[in-house]
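Step one of this worksheet: look at the structure below.
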Amino acid sequence: MSFLRRRSATPAGPDFDVLAMDPGDWPGNLGAGLLPAPDGSCQGVFLRYDLFGGRGPAMIIGNLPEGSPARDVAEGEVPFEVAQLLLALENDEEVTVVGSEDIPVMQGDNLLIVRRLKLSEGRISCVQFDRSDGVLVTIAAWDRPITDDLYALLKPLPAELFQQG
């Protein structure tokens with residue numbers, strides 16, 4: 001799969017392909033954030049999909065490479081993307097991970113082992129899977145389930161989307 005490879009040229013944004021939904025396929029607003037390291041390398045990318053017309057995001061998709069400090073969470077703590085979703089929604093209640101379940105999902109001809117996280121806040125759906133290049137993809141959605149149909153919409157986004165003007 002082409003999105004599971006490292007790029008040879010270094011763009012102004014991340015040095016890995018970002019797997020997410022194409023902004024043109026999303027009817028609402030899209031925001032992107034880069035997590036920079038002190039040396040200037042990219043430690044992750046998260047995309048915020050706002051379907052609610054400025055009233056908060058419906059979904060956040062994160063791509064965090066190996067070694068990204070945002071991947072280091074203590075047991076029971078929510079992933080970075082869930083914390084960003086709560087922050088964007090101005091929801092300051094304590095949310096924890098209360099369990100997880102591994103589920104096989106087909107994406108085209110490829111099998112993904114998807115971890116469904118069960119959270120103490122039932123309105124948040126969260127799934128994670130590892131790509132073959134070591135990038136962890138996390139999807140956090142507010143008040144809507146994450147169905148298998150979503151994985152068919154995921155694709156690598158063009159590097160130009162993340163280049164500085």
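Every chain in the structure tokens has a letter given in the order shown (A, B, ...), and although residue numbers restart at 1 in each chain, ligands are simply numbered from 1 in the order shown.
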From a DSSP calculation on the backbone, collect every residue of stretch 20-159 of chain A in strand (DSSP E) and output the set as a PDB file with N, CA, C and O atoms, in the first residue's frame.
ATOM      1  N   ALA A  20      -5.757  10.075   6.360  1.00  0.00           N
ATOM      2  CA  ALA A  20      -6.969  10.712   6.884  1.00  0.00           C
ATOM      3  C   ALA A  20      -8.015  10.749   5.780  1.00  0.00           C
ATOM      4  O   ALA A  20      -7.823  10.169   4.719  1.00  0.00           O
ATOM      5  N   MET A  21      -9.118  11.428   6.041  1.00  0.00           N
ATOM      6  CA  MET A  21     -10.138  11.615   5.012  1.00  0.00           C
ATOM      7  C   MET A  21      -9.785  12.858   4.213  1.00  0.00           C
ATOM      8  O   MET A  21      -9.352  13.862   4.772  1.00  0.00           O
ATOM      9  N   ASN A  29     -15.890  22.026   8.142  1.00  0.00           N
ATOM     10  CA  ASN A  29     -14.599  22.706   8.174  1.00  0.00           C
ATOM     11  C   ASN A  29     -13.503  21.739   8.603  1.00  0.00           C
ATOM     12  O   ASN A  29     -13.738  20.819   9.386  1.00  0.00           O
ATOM     13  N   LEU A  30     -12.287  21.974   8.112  1.00  0.00           N
ATOM     14  CA  LEU A  30     -11.145  21.128   8.441  1.00  0.00           C
ATOM     15  C   LEU A  30     -10.022  21.993   8.986  1.00  0.00           C
ATOM     16  O   LEU A  30      -9.723  23.054   8.428  1.00  0.00           O
ATOM     17  N   GLY A  31      -9.399  21.540  10.062  1.00  0.00           N
ATOM     18  CA  GLY A  31      -8.210  22.183  10.591  1.00  0.00           C
ATOM     19  C   GLY A  31      -7.129  21.141  10.764  1.00  0.00           C
ATOM     20  O   GLY A  31      -7.419  19.977  11.043  1.00  0.00           O
ATOM     21  N   ALA A  32      -5.877  21.518  10.575  1.00  0.00           N
ATOM     22  CA  ALA A  32      -4.757  20.595  10.735  1.00  0.00           C
ATOM     23  C   ALA A  32      -3.764  21.187  11.706  1.00  0.00           C
ATOM     24  O   ALA A  32      -3.550  22.401  11.735  1.00  0.00           O
ATOM     25  N   GLY A  33      -3.156  20.334  12.517  1.00  0.00           N
ATOM     26  CA  GLY A  33      -2.137  20.764  13.451  1.00  0.00           C
ATOM     27  C   GLY A  33      -0.922  19.867  13.361  1.00  0.00           C
ATOM     28  O   GLY A  33      -1.050  18.655  13.185  1.00  0.00           O
ATOM     29  N   LEU A  34       0.269  20.460  13.438  1.00  0.00           N
ATOM     30  CA  LEU A  34       1.519  19.708  13.442  1.00  0.00           C
ATOM     31  C   LEU A  34       2.115  19.771  14.838  1.00  0.00           C
ATOM     32  O   LEU A  34       2.037  20.799  15.510  1.00  0.00           O
ATOM     33  N   LEU A  35       2.715  18.685  15.270  1.00  0.00           N
ATOM     34  CA  LEU A  35       3.399  18.637  16.564  1.00  0.00           C
ATOM     35  C   LEU A  35       4.898  18.690  16.298  1.00  0.00           C
ATOM     36  O   LEU A  35       5.498  17.676  15.943  1.00  0.00           O
ATOM     37  N   PRO A  36       5.535  19.850  16.441  1.00  0.00           N
ATOM     38  CA  PRO A  36       6.959  19.956  16.130  1.00  0.00           C
ATOM     39  C   PRO A  36       7.839  19.495  17.295  1.00  0.00           C
ATOM     40  O   PRO A  36       7.501  19.657  18.459  1.00  0.00           O
ATOM     41  N   CYS A  42       8.811  16.633  12.511  1.00  0.00           N
ATOM     42  CA  CYS A  42       7.392  16.542  12.839  1.00  0.00           C
ATOM     43  C   CYS A  42       7.146  15.318  13.706  1.00  0.00           C
ATOM     44  O   CYS A  42       7.483  14.203  13.324  1.00  0.00           O
ATOM     45  N   GLN A  43       6.570  15.524  14.868  1.00  0.00           N
ATOM     46  CA  GLN A  43       6.280  14.439  15.799  1.00  0.00           C
ATOM     47  C   GLN A  43       4.835  13.970  15.713  1.00  0.00           C
ATOM     48  O   GLN A  43       4.390  13.173  16.531  1.00  0.00           O
ATOM     49  N   GLY A  44       4.102  14.477  14.749  1.00  0.00           N
ATOM     50  CA  GLY A  44       2.732  14.036  14.563  1.00  0.00           C
ATOM     51  C   GLY A  44       1.892  15.082  13.871  1.00  0.00           C
ATOM     52  O   GLY A  44       2.247  16.260  13.801  1.00  0.00           O
ATOM     53  N   VAL A  45       0.774  14.611  13.341  1.00  0.00           N
ATOM     54  CA  VAL A  45      -0.184  15.466  12.654  1.00  0.00           C
ATOM     55  C   VAL A  45      -1.560  15.067  13.139  1.00  0.00           C
ATOM     56  O   VAL A  45      -1.844  13.874  13.308  1.00  0.00           O
ATOM     57  N   PHE A  46      -2.399  16.056  13.429  1.00  0.00           N
ATOM     58  CA  PHE A  46      -3.791  15.717  13.724  1.00  0.00           C
ATOM     59  C   PHE A  46      -4.692  16.618  12.910  1.00  0.00           C
ATOM     60  O   PHE A  46      -4.384  17.776  12.661  1.00  0.00           O
ATOM     61  N   LEU A  47      -5.770  16.033  12.419  1.00  0.00           N
ATOM     62  CA  LEU A  47      -6.751  16.752  11.608  1.00  0.00           C
ATOM     63  C   LEU A  47      -8.052  16.804  12.359  1.00  0.00           C
ATOM     64  O   LEU A  47      -8.500  15.803  12.905  1.00  0.00           O
ATOM     65  N   ARG A  48      -8.636  17.983  12.403  1.00  0.00           N
ATOM     66  CA  ARG A  48      -9.877  18.219  13.132  1.00  0.00           C
ATOM     67  C   ARG A  48     -10.987  18.493  12.129  1.00  0.00           C
ATOM     68  O   ARG A  48     -10.932  19.469  11.384  1.00  0.00           O
ATOM     69  N   TYR A  49     -11.956  17.614  12.085  1.00  0.00           N
ATOM     70  CA  TYR A  49     -13.087  17.729  11.173  1.00  0.00           C
ATOM     71  C   TYR A  49     -14.277  18.285  11.938  1.00  0.00           C
ATOM     72  O   TYR A  49     -14.754  17.667  12.880  1.00  0.00           O
ATOM     73  N   ASP A  50     -14.725  19.461  11.530  1.00  0.00           N
ATOM     74  CA  ASP A  50     -15.822  20.141  12.214  1.00  0.00           C
ATOM     75  C   ASP A  50     -17.063  20.088  11.330  1.00  0.00           C
ATOM     76  O   ASP A  50     -17.171  20.783  10.335  1.00  0.00           O
ATOM     77  N   MET A  59     -14.864  15.028  14.739  1.00  0.00           N
ATOM     78  CA  MET A  59     -13.862  13.973  14.673  1.00  0.00           C
ATOM     79  C   MET A  59     -12.464  14.555  14.634  1.00  0.00           C
ATOM     80  O   MET A  59     -12.239  15.617  14.044  1.00  0.00           O
ATOM     81  N   ILE A  60     -11.528  13.849  15.253  1.00  0.00           N
ATOM     82  CA  ILE A  60     -10.107  14.176  15.152  1.00  0.00           C
ATOM     83  C   ILE A  60      -9.391  12.907  14.747  1.00  0.00           C
ATOM     84  O   ILE A  60      -9.615  11.847  15.337  1.00  0.00           O
ATOM     85  N   ILE A  61      -8.534  13.008  13.718  1.00  0.00           N
ATOM     86  CA  ILE A  61      -7.716  11.879  13.282  1.00  0.00           C
ATOM     87  C   ILE A  61      -6.265  12.280  13.469  1.00  0.00           C
ATOM     88  O   ILE A  61      -5.816  13.299  12.942  1.00  0.00           O
ATOM     89  N   GLY A  62      -5.530  11.484  14.242  1.00  0.00           N
ATOM     90  CA  GLY A  62      -4.120  11.756  14.497  1.00  0.00           C
ATOM     91  C   GLY A  62      -3.231  10.721  13.849  1.00  0.00           C
ATOM     92  O   GLY A  62      -3.601   9.555  13.722  1.00  0.00           O
ATOM     93  N   ASN A  63      -2.053  11.151  13.423  1.00  0.00           N
ATOM     94  CA  ASN A  63      -1.006  10.295  12.882  1.00  0.00           C
ATOM     95  C   ASN A  63       0.253  10.604  13.675  1.00  0.00           C
ATOM     96  O   ASN A  63       0.815  11.692  13.532  1.00  0.00           O
ATOM     97  N   LEU A  64       0.699   9.670  14.515  1.00  0.00           N
ATOM     98  CA  LEU A  64       1.858   9.893  15.370  1.00  0.00           C
ATOM     99  C   LEU A  64       2.929   8.849  15.070  1.00  0.00           C
ATOM    100  O   LEU A  64       2.701   7.654  15.248  1.00  0.00           O
ATOM    101  N   VAL A  97      -9.698   5.735  30.016  1.00  0.00           N
ATOM    102  CA  VAL A  97      -9.885   4.515  29.239  1.00  0.00           C
ATOM    103  C   VAL A  97     -10.260   3.415  30.227  1.00  0.00           C
ATOM    104  O   VAL A  97      -9.560   3.186  31.201  1.00  0.00           O
ATOM    105  N   VAL A  98     -11.381   2.755  29.965  1.00  0.00           N
ATOM    106  CA  VAL A  98     -11.847   1.711  30.881  1.00  0.00           C
ATOM    107  C   VAL A  98     -11.702   0.313  30.294  1.00  0.00           C
ATOM    108  O   VAL A  98     -11.941  -0.680  30.975  1.00  0.00           O
ATOM    109  N   GLY A  99     -11.295   0.225  29.029  1.00  0.00           N
ATOM    110  CA  GLY A  99     -11.089  -1.077  28.406  1.00  0.00           C
ATOM    111  C   GLY A  99     -10.765  -0.917  26.936  1.00  0.00           C
ATOM    112  O   GLY A  99     -10.813   0.173  26.381  1.00  0.00           O
ATOM    113  N   SER A 100     -10.401  -2.039  26.298  1.00  0.00           N
ATOM    114  CA  SER A 100     -10.138  -2.020  24.857  1.00  0.00           C
ATOM    115  C   SER A 100     -10.433  -3.396  24.286  1.00  0.00           C
ATOM    116  O   SER A 100     -10.482  -4.395  25.006  1.00  0.00           O
ATOM    117  N   GLU A 101     -10.629  -3.411  22.973  1.00  0.00           N
ATOM    118  CA  GLU A 101     -10.950  -4.646  22.277  1.00  0.00           C
ATOM    119  C   GLU A 101     -10.290  -4.578  20.909  1.00  0.00           C
ATOM    120  O   GLU A 101     -10.389  -3.561  20.213  1.00  0.00           O
ATOM    121  N   ASP A 102      -9.580  -5.644  20.506  1.00  0.00           N
ATOM    122  CA  ASP A 102      -8.969  -5.702  19.187  1.00  0.00           C
ATOM    123  C   ASP A 102      -9.941  -6.335  18.210  1.00  0.00           C
ATOM    124  O   ASP A 102     -10.514  -7.397  18.493  1.00  0.00           O
ATOM    125  N   ILE A 103     -10.112  -5.685  17.049  1.00  0.00           N
ATOM    126  CA  ILE A 103     -11.076  -6.127  16.047  1.00  0.00           C
ATOM    127  C   ILE A 103     -10.384  -6.140  14.689  1.00  0.00           C
ATOM    128  O   ILE A 103      -9.766  -5.140  14.308  1.00  0.00           O
ATOM    129  N   PRO A 104     -10.489  -7.232  13.922  1.00  0.00           N
ATOM    130  CA  PRO A 104      -9.938  -7.222  12.564  1.00  0.00           C
ATOM    131  C   PRO A 104     -10.874  -6.481  11.607  1.00  0.00           C
ATOM    132  O   PRO A 104     -12.088  -6.650  11.658  1.00  0.00           O
ATOM    133  N   VAL A 105     -10.294  -5.625  10.764  1.00  0.00           N
ATOM    134  CA  VAL A 105     -11.070  -4.832   9.808  1.00  0.00           C
ATOM    135  C   VAL A 105     -10.328  -4.877   8.477  1.00  0.00           C
ATOM    136  O   VAL A 105      -9.106  -4.729   8.435  1.00  0.00           O
ATOM    137  N   MET A 106     -11.045  -5.062   7.383  1.00  0.00           N
ATOM    138  CA  MET A 106     -10.437  -5.035   6.054  1.00  0.00           C
ATOM    139  C   MET A 106     -10.458  -3.593   5.525  1.00  0.00           C
ATOM    140  O   MET A 106     -11.467  -2.916   5.630  1.00  0.00           O
ATOM    141  N   GLN A 107      -9.318  -3.159   4.996  1.00  0.00           N
ATOM    142  CA  GLN A 107      -9.242  -1.887   4.283  1.00  0.00           C
ATOM    143  C   GLN A 107      -8.714  -2.222   2.899  1.00  0.00           C
ATOM    144  O   GLN A 107      -7.525  -2.454   2.717  1.00  0.00           O
ATOM    145  N   ASN A 110      -6.189  -5.177   2.526  1.00  0.00           N
ATOM    146  CA  ASN A 110      -5.321  -5.247   3.696  1.00  0.00           C
ATOM    147  C   ASN A 110      -6.121  -5.425   4.974  1.00  0.00           C
ATOM    148  O   ASN A 110      -7.200  -4.849   5.140  1.00  0.00           O
ATOM    149  N   LEU A 111      -5.563  -6.214   5.867  1.00  0.00           N
ATOM    150  CA  LEU A 111      -6.186  -6.455   7.164  1.00  0.00           C
ATOM    151  C   LEU A 111      -5.584  -5.516   8.199  1.00  0.00           C
ATOM    152  O   LEU A 111      -4.364  -5.446   8.356  1.00  0.00           O
ATOM    153  N   LEU A 112      -6.434  -4.771   8.892  1.00  0.00           N
ATOM    154  CA  LEU A 112      -6.007  -3.915   9.999  1.00  0.00           C
ATOM    155  C   LEU A 112      -6.475  -4.552  11.301  1.00  0.00           C
ATOM    156  O   LEU A 112      -7.585  -5.077  11.368  1.00  0.00           O
ATOM    157  N   ILE A 113      -5.643  -4.508  12.301  1.00  0.00           N
ATOM    158  CA  ILE A 113      -6.080  -4.886  13.646  1.00  0.00           C
ATOM    159  C   ILE A 113      -6.375  -3.574  14.361  1.00  0.00           C
ATOM    160  O   ILE A 113      -5.469  -2.813  14.691  1.00  0.00           O
ATOM    161  N   VAL A 114      -7.642  -3.299  14.548  1.00  0.00           N
ATOM    162  CA  VAL A 114      -8.095  -2.036  15.118  1.00  0.00           C
ATOM    163  C   VAL A 114      -8.398  -2.231  16.596  1.00  0.00           C
ATOM    164  O   VAL A 114      -9.074  -3.180  16.974  1.00  0.00           O
ATOM    165  N   ARG A 115      -7.850  -1.353  17.425  1.00  0.00           N
ATOM    166  CA  ARG A 115      -8.125  -1.342  18.867  1.00  0.00           C
ATOM    167  C   ARG A 115      -9.252  -0.365  19.127  1.00  0.00           C
ATOM    168  O   ARG A 115      -9.108   0.832  18.902  1.00  0.00           O
ATOM    169  N   ARG A 116     -10.387  -0.868  19.583  1.00  0.00           N
ATOM    170  CA  ARG A 116     -11.497   0.012  20.000  1.00  0.00           C
ATOM    171  C   ARG A 116     -11.302   0.299  21.480  1.00  0.00           C
ATOM    172  O   ARG A 116     -11.304  -0.609  22.297  1.00  0.00           O
ATOM    173  N   LEU A 117     -11.155   1.566  21.806  1.00  0.00           N
ATOM    174  CA  LEU A 117     -11.007   1.955  23.209  1.00  0.00           C
ATOM    175  C   LEU A 117     -12.383   2.250  23.787  1.00  0.00           C
ATOM    176  O   LEU A 117     -13.188   2.934  23.155  1.00  0.00           O
ATOM    177  N   LYS A 118     -12.626   1.732  24.967  1.00  0.00           N
ATOM    178  CA  LYS A 118     -13.858   2.040  25.691  1.00  0.00           C
ATOM    179  C   LYS A 118     -13.508   3.114  26.709  1.00  0.00           C
ATOM    180  O   LYS A 118     -12.600   2.947  27.518  1.00  0.00           O
ATOM    181  N   LEU A 119     -14.238   4.222  26.659  1.00  0.00           N
ATOM    182  CA  LEU A 119     -13.933   5.372  27.510  1.00  0.00           C
ATOM    183  C   LEU A 119     -15.037   5.592  28.531  1.00  0.00           C
ATOM    184  O   LEU A 119     -16.181   5.184  28.333  1.00  0.00           O
ATOM    185  N   ILE A 124     -17.936   9.572  23.365  1.00  0.00           N
ATOM    186  CA  ILE A 124     -16.710   9.569  22.566  1.00  0.00           C
ATOM    187  C   ILE A 124     -16.445   8.157  22.070  1.00  0.00           C
ATOM    188  O   ILE A 124     -16.405   7.216  22.851  1.00  0.00           O
ATOM    189  N   SER A 125     -16.251   8.029  20.751  1.00  0.00           N
ATOM    190  CA  SER A 125     -15.798   6.778  20.146  1.00  0.00           C
ATOM    191  C   SER A 125     -14.328   6.961  19.806  1.00  0.00           C
ATOM    192  O   SER A 125     -13.929   8.030  19.331  1.00  0.00           O
ATOM    193  N   CYS A 126     -13.523   5.924  20.025  1.00  0.00           N
ATOM    194  CA  CYS A 126     -12.098   6.032  19.739  1.00  0.00           C
ATOM    195  C   CYS A 126     -11.559   4.694  19.261  1.00  0.00           C
ATOM    196  O   CYS A 126     -11.817   3.662  19.880  1.00  0.00           O
ATOM    197  N   VAL A 127     -10.813   4.730  18.146  1.00  0.00           N
ATOM    198  CA  VAL A 127     -10.139   3.547  17.625  1.00  0.00           C
ATOM    199  C   VAL A 127      -8.703   3.909  17.279  1.00  0.00           C
ATOM    200  O   VAL A 127      -8.383   5.078  17.023  1.00  0.00           O
ATOM    201  N   GLN A 128      -7.826   2.888  17.295  1.00  0.00           N
ATOM    202  CA  GLN A 128      -6.425   3.076  16.941  1.00  0.00           C
ATOM    203  C   GLN A 128      -5.956   1.890  16.122  1.00  0.00           C
ATOM    204  O   GLN A 128      -6.426   0.768  16.334  1.00  0.00           O
ATOM    205  N   PHE A 129      -5.024   2.143  15.203  1.00  0.00           N
ATOM    206  CA  PHE A 129      -4.334   1.047  14.537  1.00  0.00           C
ATOM    207  C   PHE A 129      -2.937   1.499  14.146  1.00  0.00           C
ATOM    208  O   PHE A 129      -2.671   2.682  13.965  1.00  0.00           O
ATOM    209  N   ASP A 130      -2.031   0.527  14.068  1.00  0.00           N
ATOM    210  CA  ASP A 130      -0.646   0.785  13.693  1.00  0.00           C
ATOM    211  C   ASP A 130      -0.477   0.519  12.215  1.00  0.00           C
ATOM    212  O   ASP A 130      -0.985  -0.477  11.695  1.00  0.00           O
ATOM    213  N   LEU A 136       1.142   5.508  14.304  1.00  0.00           N
ATOM    214  CA  LEU A 136      -0.093   5.153  15.003  1.00  0.00           C
ATOM    215  C   LEU A 136      -1.195   6.102  14.551  1.00  0.00           C
ATOM    216  O   LEU A 136      -1.051   7.323  14.647  1.00  0.00           O
ATOM    217  N   VAL A 137      -2.280   5.538  14.038  1.00  0.00           N
ATOM    218  CA  VAL A 137      -3.439   6.343  13.624  1.00  0.00           C
ATOM    219  C   VAL A 137      -4.500   6.203  14.707  1.00  0.00           C
ATOM    220  O   VAL A 137      -4.844   5.086  15.105  1.00  0.00           O
ATOM    221  N   THR A 138      -5.001   7.326  15.195  1.00  0.00           N
ATOM    222  CA  THR A 138      -6.065   7.342  16.197  1.00  0.00           C
ATOM    223  C   THR A 138      -7.208   8.188  15.664  1.00  0.00           C
ATOM    224  O   THR A 138      -6.992   9.292  15.158  1.00  0.00           O
ATOM    225  N   ILE A 139      -8.409   7.665  15.777  1.00  0.00           N
ATOM    226  CA  ILE A 139      -9.608   8.391  15.362  1.00  0.00           C
ATOM    227  C   ILE A 139     -10.481   8.557  16.596  1.00  0.00           C
ATOM    228  O   ILE A 139     -10.813   7.573  17.260  1.00  0.00           O
ATOM    229  N   ALA A 140     -10.824   9.785  16.912  1.00  0.00           N
ATOM    230  CA  ALA A 140     -11.710  10.084  18.043  1.00  0.00           C
ATOM    231  C   ALA A 140     -12.901  10.859  17.495  1.00  0.00           C
ATOM    232  O   ALA A 140     -12.731  11.854  16.783  1.00  0.00           O
ATOM    233  N   ALA A 141     -14.098  10.379  17.796  1.00  0.00           N
ATOM    234  CA  ALA A 141     -15.309  11.016  17.283  1.00  0.00           C
ATOM    235  C   ALA A 141     -16.231  11.363  18.447  1.00  0.00           C
ATOM    236  O   ALA A 141     -16.303  10.630  19.434  1.00  0.00           O
ATOM    237  N   TRP A 142     -16.947  12.472  18.299  1.00  0.00           N
ATOM    238  CA  TRP A 142     -17.875  12.936  19.319  1.00  0.00           C
ATOM    239  C   TRP A 142     -19.299  12.612  18.903  1.00  0.00           C
ATOM    240  O   TRP A 142     -19.744  13.009  17.824  1.00  0.00           O
ATOM    241  N   LEU A 154     -10.327   6.445   4.384  1.00  0.00           N
ATOM    242  CA  LEU A 154      -8.993   6.898   4.754  1.00  0.00           C
ATOM    243  C   LEU A 154      -8.037   6.747   3.584  1.00  0.00           C
ATOM    244  O   LEU A 154      -8.016   5.729   2.907  1.00  0.00           O
ATOM    245  N   LYS A 155      -7.253   7.783   3.343  1.00  0.00           N
ATOM    246  CA  LYS A 155      -6.276   7.765   2.254  1.00  0.00           C
ATOM    247  C   LYS A 155      -5.155   8.727   2.611  1.00  0.00           C
ATOM    248  O   LYS A 155      -5.321   9.607   3.463  1.00  0.00           O
ATOM    249  N   PRO A 156      -3.992   8.588   1.963  1.00  0.00           N
ATOM    250  CA  PRO A 156      -2.912   9.539   2.233  1.00  0.00           C
ATOM    251  C   PRO A 156      -3.259  10.906   1.649  1.00  0.00           C
ATOM    252  O   PRO A 156      -3.778  11.003   0.543  1.00  0.00           O
TER     253      PRO A 156
END
